[in-house]
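So this block is query_14.txt, compact mmCIF, C-alpha atoms and all ligand atoms:
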# COMPACT_ATOMS: atom_id res chain seq x y z
CA MET A 1042 -10.75 29.55 2.72
CA HIS A 1043 -11.15 25.85 2.15
CA VAL A 1044 -8.47 23.82 3.85
CA PHE A 1045 -7.87 20.21 2.89
CA ALA A 1046 -7.58 18.46 6.25
CA PRO A 1047 -8.22 14.73 6.23
CA ILE A 1048 -8.80 13.31 9.71
CA THR A 1049 -6.50 10.43 10.63
CA LEU A 1050 -8.30 7.58 12.39
CA SER A 1051 -6.27 4.71 13.79
CA ALA A 1052 -7.58 1.26 12.91
CA HIS A 1053 -6.33 0.08 16.33
CA ASN A 1054 -4.55 -3.00 14.97
CA PRO A 1055 -0.93 -2.81 16.17
CA SER A 1056 1.19 -5.89 15.35
CA PRO A 1057 4.69 -6.80 14.15
CA MET A 1058 3.47 -6.53 10.55
CA THR A 1059 1.40 -3.34 10.89
CA GLY A 1060 3.65 -1.40 13.27
CA ARG A 1061 1.54 0.87 15.46
CA GLY A 1062 -1.47 -0.06 13.36
CA ASN A 1063 -3.07 1.24 10.20
CA SER A 1064 -4.10 4.82 9.56
CA THR A 1065 -7.39 5.45 7.79
CA TYR A 1066 -8.42 8.88 6.57
CA LEU A 1067 -11.79 10.55 6.82
CA LEU A 1068 -12.89 13.33 4.46
CA MET A 1069 -16.04 15.33 5.09
CA GLY A 1070 -17.62 17.89 2.78
CA PRO A 1071 -19.90 20.86 3.44
CA ALA A 1072 -23.03 19.01 2.38
CA GLY A 1073 -22.45 16.11 4.77
CA GLU A 1074 -20.56 13.98 2.28
CA GLY A 1075 -18.29 11.53 4.08
CA ALA A 1076 -15.59 9.26 2.68
CA LEU A 1077 -13.15 6.94 4.40
CA ILE A 1078 -9.88 5.87 2.81
CA ASP A 1079 -9.15 2.29 3.87
CA ALA A 1080 -11.55 0.23 5.96
CA GLY A 1081 -9.38 -0.87 8.87
CA VAL A 1082 -10.20 -4.21 10.48
CA GLY A 1083 -13.55 -3.54 12.15
CA GLU A 1084 -12.01 -2.84 15.56
CA PRO A 1085 -14.74 -1.28 17.79
CA ARG A 1086 -12.63 1.73 18.79
CA HIS A 1087 -12.08 2.57 15.11
CA LEU A 1088 -15.81 2.29 14.40
CA ASP A 1089 -16.71 4.40 17.44
CA GLU A 1090 -14.22 7.12 16.61
CA LEU A 1091 -15.48 7.21 13.03
CA ALA A 1092 -19.08 7.51 14.24
CA ARG A 1093 -18.13 10.35 16.59
CA ARG A 1094 -16.22 12.26 13.90
CA LEU A 1095 -19.06 11.87 11.41
CA ALA A 1096 -21.55 13.12 14.01
CA ASP A 1097 -19.32 16.09 14.87
CA GLY A 1098 -19.04 16.96 11.18
CA GLY A 1099 -22.73 16.47 10.51
CA ALA A 1100 -21.73 13.93 7.88
CA ARG A 1101 -22.79 10.48 6.72
CA LEU A 1102 -20.52 7.78 5.32
CA ASP A 1103 -21.10 7.64 1.55
CA HIS A 1104 -17.90 6.06 0.27
CA VAL A 1105 -15.17 3.74 1.46
CA LEU A 1106 -12.15 3.74 -0.85
CA VAL A 1107 -9.81 0.81 -0.27
CA THR A 1108 -6.17 0.97 -1.37
CA HIS A 1109 -5.79 -2.81 -1.68
CA ALA A 1110 -7.16 -6.11 -0.42
CA HIS A 1111 -4.64 -6.90 2.32
CA PRO A 1112 -6.67 -7.60 5.48
CA ASP A 1113 -5.39 -4.65 7.49
CA HIS A 1114 -6.86 -2.34 4.83
CA ALA A 1115 -9.99 -4.19 3.73
CA SER A 1116 -11.25 -6.58 6.41
CA GLY A 1117 -13.20 -3.86 8.22
CA ALA A 1118 -15.53 -3.46 5.24
CA PRO A 1119 -18.33 -5.76 6.53
CA ALA A 1120 -18.40 -4.01 9.92
CA LEU A 1121 -18.69 -0.65 8.14
CA ALA A 1122 -21.40 -2.02 5.85
CA ALA A 1123 -23.35 -3.23 8.90
CA ARG A 1124 -23.28 0.24 10.48
CA TYR A 1125 -23.68 2.34 7.33
CA ALA A 1126 -26.21 0.69 5.04
CA SER A 1127 -25.84 3.30 2.30
CA ALA A 1128 -22.02 3.27 2.20
CA ARG A 1129 -20.52 2.19 -1.11
CA PHE A 1130 -17.25 0.27 -1.27
CA HIS A 1131 -14.71 0.86 -4.01
CA LYS A 1132 -11.44 -0.80 -5.02
CA THR A 1133 -9.66 -2.24 -8.00
CA PRO A 1134 -10.66 -5.87 -8.33
CA TRP A 1135 -8.45 -8.70 -7.02
CA PRO A 1136 -11.16 -11.38 -7.03
CA VAL A 1137 -9.45 -14.13 -5.02
CA GLU A 1138 -8.93 -11.72 -2.12
CA ASP A 1139 -11.96 -9.44 -2.49
CA ARG A 1140 -14.44 -12.27 -2.02
CA HIS A 1141 -13.29 -12.77 1.60
CA TYR A 1142 -14.88 -9.53 2.67
CA GLY A 1143 -18.58 -10.00 2.04
CA VAL A 1144 -19.39 -6.57 0.64
CA ARG A 1145 -20.23 -5.57 -2.90
CA TRP A 1146 -17.12 -3.91 -4.29
CA GLU A 1147 -17.65 -1.32 -7.00
CA PRO A 1148 -14.64 -1.44 -9.31
CA ILE A 1149 -12.48 1.63 -9.79
CA GLY A 1150 -9.31 1.90 -11.83
CA ASP A 1151 -6.54 4.07 -13.09
CA ALA A 1152 -7.43 7.66 -14.04
CA ASP A 1153 -10.95 7.46 -12.61
CA GLU A 1154 -12.00 10.58 -10.76
CA ILE A 1155 -14.17 10.20 -7.69
CA ASP A 1156 -16.05 12.87 -5.78
CA ALA A 1157 -15.72 11.73 -2.20
CA GLY A 1158 -16.00 13.60 1.08
CA GLY A 1159 -16.45 16.91 -0.71
CA GLU A 1160 -13.22 16.50 -2.67
CA ARG A 1161 -12.25 15.21 -6.07
CA LEU A 1162 -9.72 12.40 -5.97
CA LYS A 1163 -7.94 10.85 -8.92
CA VAL A 1164 -7.35 7.11 -8.84
CA LEU A 1165 -3.80 5.94 -9.59
CA HIS A 1166 -3.25 2.22 -10.14
CA THR A 1167 0.08 1.60 -8.44
CA PRO A 1168 0.59 -2.22 -8.44
CA GLY A 1169 3.67 -4.00 -7.14
CA HIS A 1170 3.07 -4.27 -3.40
CA SER A 1171 -0.12 -6.03 -4.51
CA PRO A 1172 -1.72 -6.32 -7.95
CA ASP A 1173 -4.74 -4.20 -6.97
CA HIS A 1174 -2.91 -1.40 -5.16
CA LEU A 1175 -4.27 2.12 -5.61
CA ALA A 1176 -3.15 5.56 -4.56
CA PHE A 1177 -5.55 8.51 -4.45
CA TRP A 1178 -4.36 11.90 -5.66
CA HIS A 1179 -5.77 15.21 -4.45
CA GLU A 1180 -4.47 17.67 -7.01
CA PRO A 1181 -5.34 21.02 -5.32
CA SER A 1182 -3.23 20.18 -2.24
CA ARG A 1183 -0.77 17.90 -4.10
CA THR A 1184 -1.48 15.22 -1.52
CA ALA A 1185 -1.34 11.49 -2.27
CA PHE A 1186 -2.94 8.81 -0.15
CA THR A 1187 -0.40 6.09 -0.73
CA GLY A 1188 -1.55 2.96 1.10
CA ASP A 1189 1.44 0.64 1.41
CA LEU A 1190 3.77 2.25 -1.13
CA VAL A 1191 6.12 3.75 1.45
CA ILE A 1192 6.49 3.88 5.23
CA GLN A 1193 8.63 6.60 6.78
CA GLY A 1194 11.44 4.96 8.77
CA SER A 1195 10.61 1.45 7.63
CA SER A 1196 10.39 -0.64 4.48
CA VAL A 1197 7.61 -2.25 2.47
CA MET A 1198 7.42 -5.95 1.75
CA ILE A 1199 7.00 -7.15 -1.82
CA GLN A 1200 5.40 -10.57 -1.43
CA ALA A 1201 6.54 -12.28 -4.61
CA SER A 1202 4.52 -15.39 -3.76
CA ARG A 1203 1.28 -13.42 -3.35
CA GLY A 1204 1.03 -11.15 -6.35
CA GLY A 1205 3.90 -8.80 -5.51
CA ASN A 1206 5.96 -7.51 -8.43
CA LEU A 1207 9.10 -5.48 -7.83
CA ALA A 1208 9.38 -3.95 -11.31
CA GLN A 1209 5.78 -2.69 -11.05
CA TYR A 1210 6.43 -1.43 -7.54
CA LEU A 1211 9.46 0.61 -8.63
CA ALA A 1212 7.43 2.05 -11.53
CA ALA A 1213 4.70 3.01 -9.04
CA LEU A 1214 7.22 4.81 -6.81
CA GLU A 1215 8.58 6.68 -9.83
CA ARG A 1216 5.08 7.59 -10.95
CA ILE A 1217 4.21 9.13 -7.57
CA ARG A 1218 7.55 10.94 -7.44
CA ALA A 1219 6.92 12.43 -10.90
CA LEU A 1220 3.79 14.13 -9.53
CA SER A 1221 6.00 16.22 -7.19
CA PRO A 1222 3.64 15.68 -4.28
CA SER A 1223 3.85 17.97 -1.27
CA LYS A 1224 2.59 15.37 1.18
CA LEU A 1225 1.97 11.62 1.36
CA LEU A 1226 -0.60 10.12 3.68
CA PRO A 1227 0.40 6.45 4.04
CA ALA A 1228 -1.49 3.62 5.71
CA HIS A 1229 1.35 3.03 8.18
CA GLY A 1230 3.54 5.53 9.99
CA PRO A 1231 3.49 9.32 9.98
CA ALA A 1232 2.59 11.66 7.13
CA VAL A 1233 5.50 12.08 4.73
CA MET A 1234 6.42 15.76 4.42
CA ASP A 1235 9.37 15.24 2.02
CA PRO A 1236 7.81 12.86 -0.50
CA VAL A 1237 10.38 13.28 -3.27
CA GLY A 1238 13.21 12.68 -0.80
CA LEU A 1239 11.64 9.54 0.66
CA LEU A 1240 10.63 8.11 -2.72
CA THR A 1241 14.15 8.69 -4.03
CA GLN A 1242 15.58 6.98 -0.94
CA TYR A 1243 13.26 4.00 -1.51
CA LEU A 1244 14.28 3.71 -5.18
CA GLU A 1245 17.99 3.92 -4.28
CA HIS A 1246 17.56 1.33 -1.53
CA ARG A 1247 16.00 -1.16 -3.95
CA LEU A 1248 18.76 -0.52 -6.47
CA MET A 1249 21.33 -1.27 -3.75
CA ARG A 1250 19.48 -4.50 -2.86
CA GLU A 1251 19.48 -5.51 -6.50
CA GLN A 1252 23.23 -5.03 -6.66
CA GLN A 1253 23.59 -7.14 -3.51
CA VAL A 1254 21.51 -9.91 -5.07
CA MET A 1255 23.65 -9.78 -8.21
CA ALA A 1256 26.84 -9.91 -6.09
CA ALA A 1257 25.49 -12.89 -4.12
CA LEU A 1258 24.70 -14.71 -7.35
CA ALA A 1259 28.15 -13.92 -8.73
CA SER A 1260 29.73 -15.37 -5.60
CA GLY A 1261 27.90 -18.66 -6.12
CA ARG A 1262 24.96 -18.32 -3.75
CA ASP A 1263 22.27 -19.89 -5.85
CA THR A 1264 19.18 -20.35 -3.68
CA VAL A 1265 16.75 -17.77 -2.32
CA GLN A 1266 17.67 -18.83 1.21
CA ALA A 1267 21.43 -18.53 0.67
CA ILE A 1268 21.08 -15.15 -1.00
CA ALA A 1269 18.78 -13.88 1.75
CA GLU A 1270 21.21 -15.03 4.45
CA SER A 1271 24.12 -13.31 2.76
CA ILE A 1272 22.28 -9.99 2.36
CA TYR A 1273 20.29 -9.91 5.58
CA ASP A 1274 23.11 -11.16 7.80
CA GLY A 1275 22.06 -11.12 11.46
CA LEU A 1276 18.36 -10.63 10.75
CA ALA A 1277 15.93 -11.80 13.43
CA PRO A 1278 14.71 -15.29 12.41
CA ALA A 1279 11.08 -14.13 12.56
CA LEU A 1280 11.78 -11.66 9.76
CA MET A 1281 13.55 -14.15 7.49
CA PRO A 1282 10.40 -15.19 5.56
CA ALA A 1283 9.86 -11.53 4.63
CA ALA A 1284 13.50 -11.26 3.59
CA ARG A 1285 13.09 -14.33 1.36
CA GLU A 1286 10.01 -12.75 -0.25
CA ASN A 1287 12.04 -9.63 -1.03
CA VAL A 1288 14.92 -11.66 -2.50
CA ARG A 1289 12.46 -13.65 -4.57
CA ALA A 1290 10.94 -10.40 -5.85
CA HIS A 1291 14.38 -9.21 -6.94
CA LEU A 1292 15.15 -12.52 -8.66
CA ASP A 1293 11.81 -12.44 -10.50
CA LYS A 1294 12.61 -8.93 -11.74
CA LEU A 1295 16.10 -9.97 -12.88
CA GLN A 1296 14.63 -13.01 -14.62
CA ALA A 1297 12.03 -10.87 -16.42
CA GLU A 1298 14.89 -8.63 -17.58
CA GLY A 1299 16.92 -11.62 -18.78
CA THR A 1300 19.69 -11.08 -16.23
CA ALA A 1301 19.16 -14.12 -13.97
CA PHE A 1302 17.76 -17.59 -14.57
CA GLU A 1303 16.26 -20.33 -12.43
CA GLU A 1304 16.81 -24.02 -13.00
CA ASN A 1305 15.43 -26.55 -10.49
CA GLY A 1306 15.36 -23.98 -7.70
CA ARG A 1307 18.95 -22.89 -8.38
CA TRP A 1308 19.65 -19.39 -9.61
CA LYS A 1309 22.44 -18.16 -11.81
CA THR A 1310 23.33 -15.14 -13.93
ZN ZN A 1401 -0.42 -4.27 2.06
For the structure just supplied, provide its representation as structure tokens.
Amino acid sequence: MHVFAPITLSAHNPSPMTGRGNSTYLLMGPAGEGALIDAGVGEPRHLDELARRLADGGARLDHVLVTHAHPDHASGAPALAARYASARFHKTPWPVEDRHYGVRWEPIGDADEIDAGGERLKVLHTPGHSPDHLAFWHEPSRTAFTGDLVIQGSSVMIQASRGGNLAQYLAALERIRALSPSKLLPAHGPAVMDPVGLLTQYLEHRLMREQQVMAALASGRDTVQAIAESIYDGLAPALMPAARENVRAHLDKLQAEGTAFEENGRWKT
């Protein structure tokens, strides 16, 4: 019986922003087809472990599917290209970021189906965390590779100043939830074995944050900084820029919905 068993390979890039480091996923098919989901950062231990796993599986690296252009997911592409001359690199275009990585990206987009690593994966455009964000859906096992959509036990930053969009992000979470997945394989943290529960928790958390932003506005806090301080009281100073990005993302969403307005850097309802 065929078992769908992606191999998790650490990108070996732990940091405050990446937690214990990124997970990349290797798929290998019976005819030596190999595909890697996310490129890591080119760390030698990642490359060596990939080479060993491919050799063990009698496979070559045909495809690298990248969830989005953030460096912890994409910056390993040139190192992979140098080792695997025939590997093809695929992502949804985000030109200002993609050009940093010096490989030829083949564009993929929503509803495309890709045969990679002996499996058929459906491409889901799930923007919001970044404009180019993709998830990959394996229908037979109801598994979604979800990049930076969710992290078990943590939260995901929506960088409003760098292409993040909260309304799109929430729609992406709802879209994945509507698939009733049995498992999520994220780029950070452990596999998610209760996807509907975690996605629901994420959606409810954002709704609560939105209500907090509305309450802060109603109480007269009218700058991103003041709102962030009122909501994230006691937050470590190093995390405050991320908190401001999240507040900004909420304000942008409220503005798009006609609920909040900005005038000379001051916000009101
Ligand atoms: Zn990211």
Open item on the list: Taking 3 positions as the minimum chain separation for residues in the same chain, which residues sit within 12 Å of Arg1094 of chain A when counting all atoms listed in the file? Answer as number ranges by chain.
Closed with: A: 1047-1050, 1066-1069, 1073, 1075-1077, 1087-1091, 1097-1102
Near Ala1123 of chain A, counting all atoms listed in the file, which residues have an atom at most 10 Å away, once you skip same-chain residues fewer than 5 positions from it, shown as a PDB file with C-alpha atoms, in the coordinates of the input?
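Result saved to part-v4.pdb:
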ATOM      1  CA  ALA A1118     -15.530  -3.460   5.240  1.00  0.00           C
ATOM      2  CA  ALA A1128     -22.020   3.270   2.200  1.00  0.00           C
ATOM      3  CA  VAL A1144     -19.390  -6.570   0.640  1.00  0.00           C
TER       4      VAL A1144
END
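Distances from A:Ile1192, A:Ala1092, A:Leu1214, A:Ala1080 to His1104 of chain A were compared using all atoms listed in the file, and the smallest one belongs to A:Ala1080.
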Within 12 Å of ligand ZN 1401 (chain A), which residues of chain A come that close, and what is the closest atom pair and distance in Å for each? Count only C-alpha atoms and all ligand atoms and give it as JSON lines.
{"residue": "A:Met1058", "atom": "CA", "partner": "A:ZN1401", "partner_atom": "ZN", "distance": 9.6}
{"residue": "A:Thr1059", "atom": "CA", "partner": "A:ZN1401", "partner_atom": "ZN", "distance": 9.1}
{"residue": "A:Asn1063", "atom": "CA", "partner": "A:ZN1401", "partner_atom": "ZN", "distance": 10.2}
{"residue": "A:Asp1079", "atom": "CA", "partner": "A:ZN1401", "partner_atom": "ZN", "distance": 11.1}
{"residue": "A:Gly1081", "atom": "CA", "partner": "A:ZN1401", "partner_atom": "ZN", "distance": 11.8}
{"residue": "A:Val1107", "atom": "CA", "partner": "A:ZN1401", "partner_atom": "ZN", "distance": 10.9}
{"residue": "A:Thr1108", "atom": "CA", "partner": "A:ZN1401", "partner_atom": "ZN", "distance": 8.5}
{"residue": "A:His1109", "atom": "CA", "partner": "A:ZN1401", "partner_atom": "ZN", "distance": 6.7}
{"residue": "A:Ala1110", "atom": "CA", "partner": "A:ZN1401", "partner_atom": "ZN", "distance": 7.4}
{"residue": "A:His1111", "atom": "CA", "partner": "A:ZN1401", "partner_atom": "ZN", "distance": 5.0}
{"residue": "A:Pro1112", "atom": "CA", "partner": "A:ZN1401", "partner_atom": "ZN", "distance": 7.9}
{"residue": "A:Asp1113", "atom": "CA", "partner": "A:ZN1401", "partner_atom": "ZN", "distance": 7.4}
{"residue": "A:His1114", "atom": "CA", "partner": "A:ZN1401", "partner_atom": "ZN", "distance": 7.3}
{"residue": "A:Ala1115", "atom": "CA", "partner": "A:ZN1401", "partner_atom": "ZN", "distance": 9.7}
{"residue": "A:Ser1116", "atom": "CA", "partner": "A:ZN1401", "partner_atom": "ZN", "distance": 11.9}
{"residue": "A:Pro1168", "atom": "CA", "partner": "A:ZN1401", "partner_atom": "ZN", "distance": 10.7}
{"residue": "A:Gly1169", "atom": "CA", "partner": "A:ZN1401", "partner_atom": "ZN", "distance": 10.1}
{"residue": "A:His1170", "atom": "CA", "partner": "A:ZN1401", "partner_atom": "ZN", "distance": 6.5}
{"residue": "A:Ser1171", "atom": "CA", "partner": "A:ZN1401", "partner_atom": "ZN", "distance": 6.8}
{"residue": "A:Pro1172", "atom": "CA", "partner": "A:ZN1401", "partner_atom": "ZN", "distance": 10.3}
{"residue": "A:Asp1173", "atom": "CA", "partner": "A:ZN1401", "partner_atom": "ZN", "distance": 10.0}
{"residue": "A:His1174", "atom": "CA", "partner": "A:ZN1401", "partner_atom": "ZN", "distance": 8.2}
{"residue": "A:Leu1175", "atom": "CA", "partner": "A:ZN1401", "partner_atom": "ZN", "distance": 10.7}
{"residue": "A:Thr1187", "atom": "CA", "partner": "A:ZN1401", "partner_atom": "ZN", "distance": 10.7}
{"residue": "A:Gly1188", "atom": "CA", "partner": "A:ZN1401", "partner_atom": "ZN", "distance": 7.4}
{"residue": "A:Asp1189", "atom": "CA", "partner": "A:ZN1401", "partner_atom": "ZN", "distance": 5.3}
{"residue": "A:Leu1190", "atom": "CA", "partner": "A:ZN1401", "partner_atom": "ZN", "distance": 8.4}
{"residue": "A:Val1191", "atom": "CA", "partner": "A:ZN1401", "partner_atom": "ZN", "distance": 10.4}
{"residue": "A:Ile1192", "atom": "CA", "partner": "A:ZN1401", "partner_atom": "ZN", "distance": 11.1}
{"residue": "A:Ser1196", "atom": "CA", "partner": "A:ZN1401", "partner_atom": "ZN", "distance": 11.7}
{"residue": "A:Val1197", "atom": "CA", "partner": "A:ZN1401", "partner_atom": "ZN", "distance": 8.3}
{"residue": "A:Met1198", "atom": "CA", "partner": "A:ZN1401", "partner_atom": "ZN", "distance": 8.0}
{"residue": "A:Ile1199", "atom": "CA", "partner": "A:ZN1401", "partner_atom": "ZN", "distance": 8.9}
{"residue": "A:Gln1200", "atom": "CA", "partner": "A:ZN1401", "partner_atom": "ZN", "distance": 9.3}
{"residue": "A:Arg1203", "atom": "CA", "partner": "A:ZN1401", "partner_atom": "ZN", "distance": 10.8}
{"residue": "A:Gly1204", "atom": "CA", "partner": "A:ZN1401", "partner_atom": "ZN", "distance": 11.0}
{"residue": "A:Gly1205", "atom": "CA", "partner": "A:ZN1401", "partner_atom": "ZN", "distance": 9.8}
{"residue": "A:Pro1227", "atom": "CA", "partner": "A:ZN1401", "partner_atom": "ZN", "distance": 10.9}
{"residue": "A:Ala1228", "atom": "CA", "partner": "A:ZN1401", "partner_atom": "ZN", "distance": 8.8}
{"residue": "A:His1229", "atom": "CA", "partner": "A:ZN1401", "partner_atom": "ZN", "distance": 9.7}
- [ ] To one decimal in Å, tell me the separation between atom CA of Ser1051 of chain A and atom CA of Glu1084 of chain A.
- [x]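 Distance between the two atoms: 9.6 Å.
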Open item on the list: Just to confirm, what's the straight-line distance from atom CA of Glu1215 of chain A to atom CA of His1291 of chain A in Å (one decimal)?
Closed with: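 About the pair atom CA of Glu1215 of chain A and atom CA of His1291 of chain A: they are 17.2 Å apart.
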Open item on the list: Can you pull out the residues contacting Leu1280 of chain A? Cut-off 12 Å, using only C-alpha atoms, and skip same-chain residues under 3 positions away; I want them as a ChimeraX atom specification.
Closed with: /A:1057-1058,1198,1269-1270,1273-1277,1283-1287
Same residues, C-alpha atoms, output as a tab-separated table (two decimals), in the frame of the given file:
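The result, stored in result.tsv:
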chain	number	residue	atom	x	y	z
A	1057	PRO	CA	4.69	-6.80	14.15
A	1058	MET	CA	3.47	-6.53	10.55
A	1198	MET	CA	7.42	-5.95	1.75
A	1269	ALA	CA	18.78	-13.88	1.75
A	1270	GLU	CA	21.21	-15.03	4.45
A	1273	TYR	CA	20.29	-9.91	5.58
A	1274	ASP	CA	23.11	-11.16	7.80
A	1275	GLY	CA	22.06	-11.12	11.46
A	1276	LEU	CA	18.36	-10.63	10.75
A	1277	ALA	CA	15.93	-11.80	13.43
A	1283	ALA	CA	9.86	-11.53	4.63
A	1284	ALA	CA	13.50	-11.26	3.59
A	1285	ARG	CA	13.09	-14.33	1.36
A	1286	GLU	CA	10.01	-12.75	-0.25
A	1287	ASN	CA	12.04	-9.63	-1.03
Task: Point-to-point distance in Å for atom CA of Thr1184 of chain A and atom CA of Ser1223 of chain A - done: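 We find that atom CA of Ser1223 of chain A and atom CA of Thr1184 of chain A lie 6.0 Å from each other.
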Task: Counting all atoms listed in the file, the residue of A:Ala1301, A:Ala1212, A:Leu1239, A:Met1234 that sits nearest Glu1251 of chain A - done: A:Ala1301
- [ ] Excluding Glu1147 of chain A and any residue of its chain fewer than 5 positions from it, enumerate the residues within 8 Å of it, using all atoms listed in the file, and give them as an MDAnalysis selection string.
- [x] chainID A and resid 1129:1132
Pull C-alpha atoms from the residues just selected and write them as a compact mmCIF listing (two decimals), in the frame of the given file.
# COMPACT_ATOMS: atom_id res chain seq x y z
CA ARG A 1129 -20.52 2.19 -1.11
CA PHE A 1130 -17.25 0.27 -1.27
CA HIS A 1131 -14.71 0.86 -4.01
CA LYS A 1132 -11.44 -0.80 -5.02
Task: Selection near Glu1304 of chain A, 12 Å with all atoms listed in the file, sequence-local residues under 6 positions removed, as JSON, numbers by chain - done: {"A": [1263, 1264, 1296, 1310]}
- [ ] Tell me which of A:Met1281, A:Asn1206, A:His1246, A:Gly1306 sits closest to Asp1293 of chain A, counting only C-alpha atoms.
- [x] A:Asn1206
TODO: Point out the residue among A:Ile1078, A:Arg1216, A:Gly1159, A:Ser1221 with the least atom-to-atom distance to Val1044 of chain A, counting only C-alpha atoms.
DONE: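 Answer, going by the shortest atom-to-atom distance: A:Gly1159.
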TODO: Pick out the closest residue to Leu1211 of chain A from this set: A:Leu1248, A:Ala1176, A:Glu1303, A:Leu1258. Count all atoms listed in the file.
DONE: A:Leu1248
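Among the candidates A:Arg1145, A:Leu1106, A:Phe1045, A:Leu1220, the residue lying nearest to Pro1181 of chain A is A:Phe1045 (atoms considered: all atoms listed in the file).
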N, CA and C atoms for segment 1157-1172 of chain A, written as a short mmCIF file (atom, residue, chain, number, x, y, z; two decimals), in the coordinates of the input, could you do that?
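Written out: out33.cif:
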data_model
loop_
_atom_site.label_atom_id
_atom_site.label_comp_id
_atom_site.auth_asym_id
_atom_site.auth_seq_id
_atom_site.Cartn_x
_atom_site.Cartn_y
_atom_site.Cartn_z
N ALA A 1157 -15.56 12.44 -3.48
CA ALA A 1157 -15.72 11.73 -2.20
C ALA A 1157 -15.38 12.69 -1.07
N GLY A 1158 -16.26 12.76 -0.07
CA GLY A 1158 -16.00 13.60 1.08
C GLY A 1158 -15.84 15.07 0.72
N GLY A 1159 -16.53 15.51 -0.32
CA GLY A 1159 -16.45 16.91 -0.71
C GLY A 1159 -15.21 17.27 -1.51
N GLU A 1160 -14.45 16.27 -1.91
CA GLU A 1160 -13.22 16.50 -2.67
C GLU A 1160 -13.23 15.63 -3.92
N ARG A 1161 -12.44 16.05 -4.90
CA ARG A 1161 -12.25 15.21 -6.07
C ARG A 1161 -10.90 14.51 -5.96
N LEU A 1162 -10.95 13.19 -6.05
CA LEU A 1162 -9.72 12.40 -5.97
C LEU A 1162 -9.52 11.65 -7.28
N LYS A 1163 -8.28 11.62 -7.71
CA LYS A 1163 -7.94 10.85 -8.92
C LYS A 1163 -7.34 9.51 -8.50
N VAL A 1164 -7.80 8.47 -9.15
CA VAL A 1164 -7.35 7.11 -8.84
C VAL A 1164 -6.08 6.81 -9.63
N LEU A 1165 -5.05 6.34 -8.93
CA LEU A 1165 -3.80 5.94 -9.59
C LEU A 1165 -3.56 4.46 -9.31
N HIS A 1166 -3.58 3.64 -10.34
CA HIS A 1166 -3.25 2.22 -10.14
C HIS A 1166 -1.75 2.12 -9.95
N THR A 1167 -1.34 1.64 -8.79
CA THR A 1167 0.08 1.60 -8.44
C THR A 1167 0.43 0.18 -7.95
N PRO A 1168 0.36 -0.83 -8.85
CA PRO A 1168 0.59 -2.22 -8.44
C PRO A 1168 2.05 -2.45 -8.06
N GLY A 1169 2.30 -3.62 -7.50
CA GLY A 1169 3.67 -4.00 -7.14
C GLY A 1169 3.70 -4.54 -5.73
N HIS A 1170 3.26 -3.74 -4.76
CA HIS A 1170 3.07 -4.27 -3.40
C HIS A 1170 1.97 -5.33 -3.44
N SER A 1171 0.93 -5.06 -4.20
CA SER A 1171 -0.12 -6.03 -4.51
C SER A 1171 -0.64 -5.67 -5.89
N PRO A 1172 -1.30 -6.62 -6.58
CA PRO A 1172 -1.72 -6.32 -7.95
C PRO A 1172 -2.81 -5.25 -8.02
#
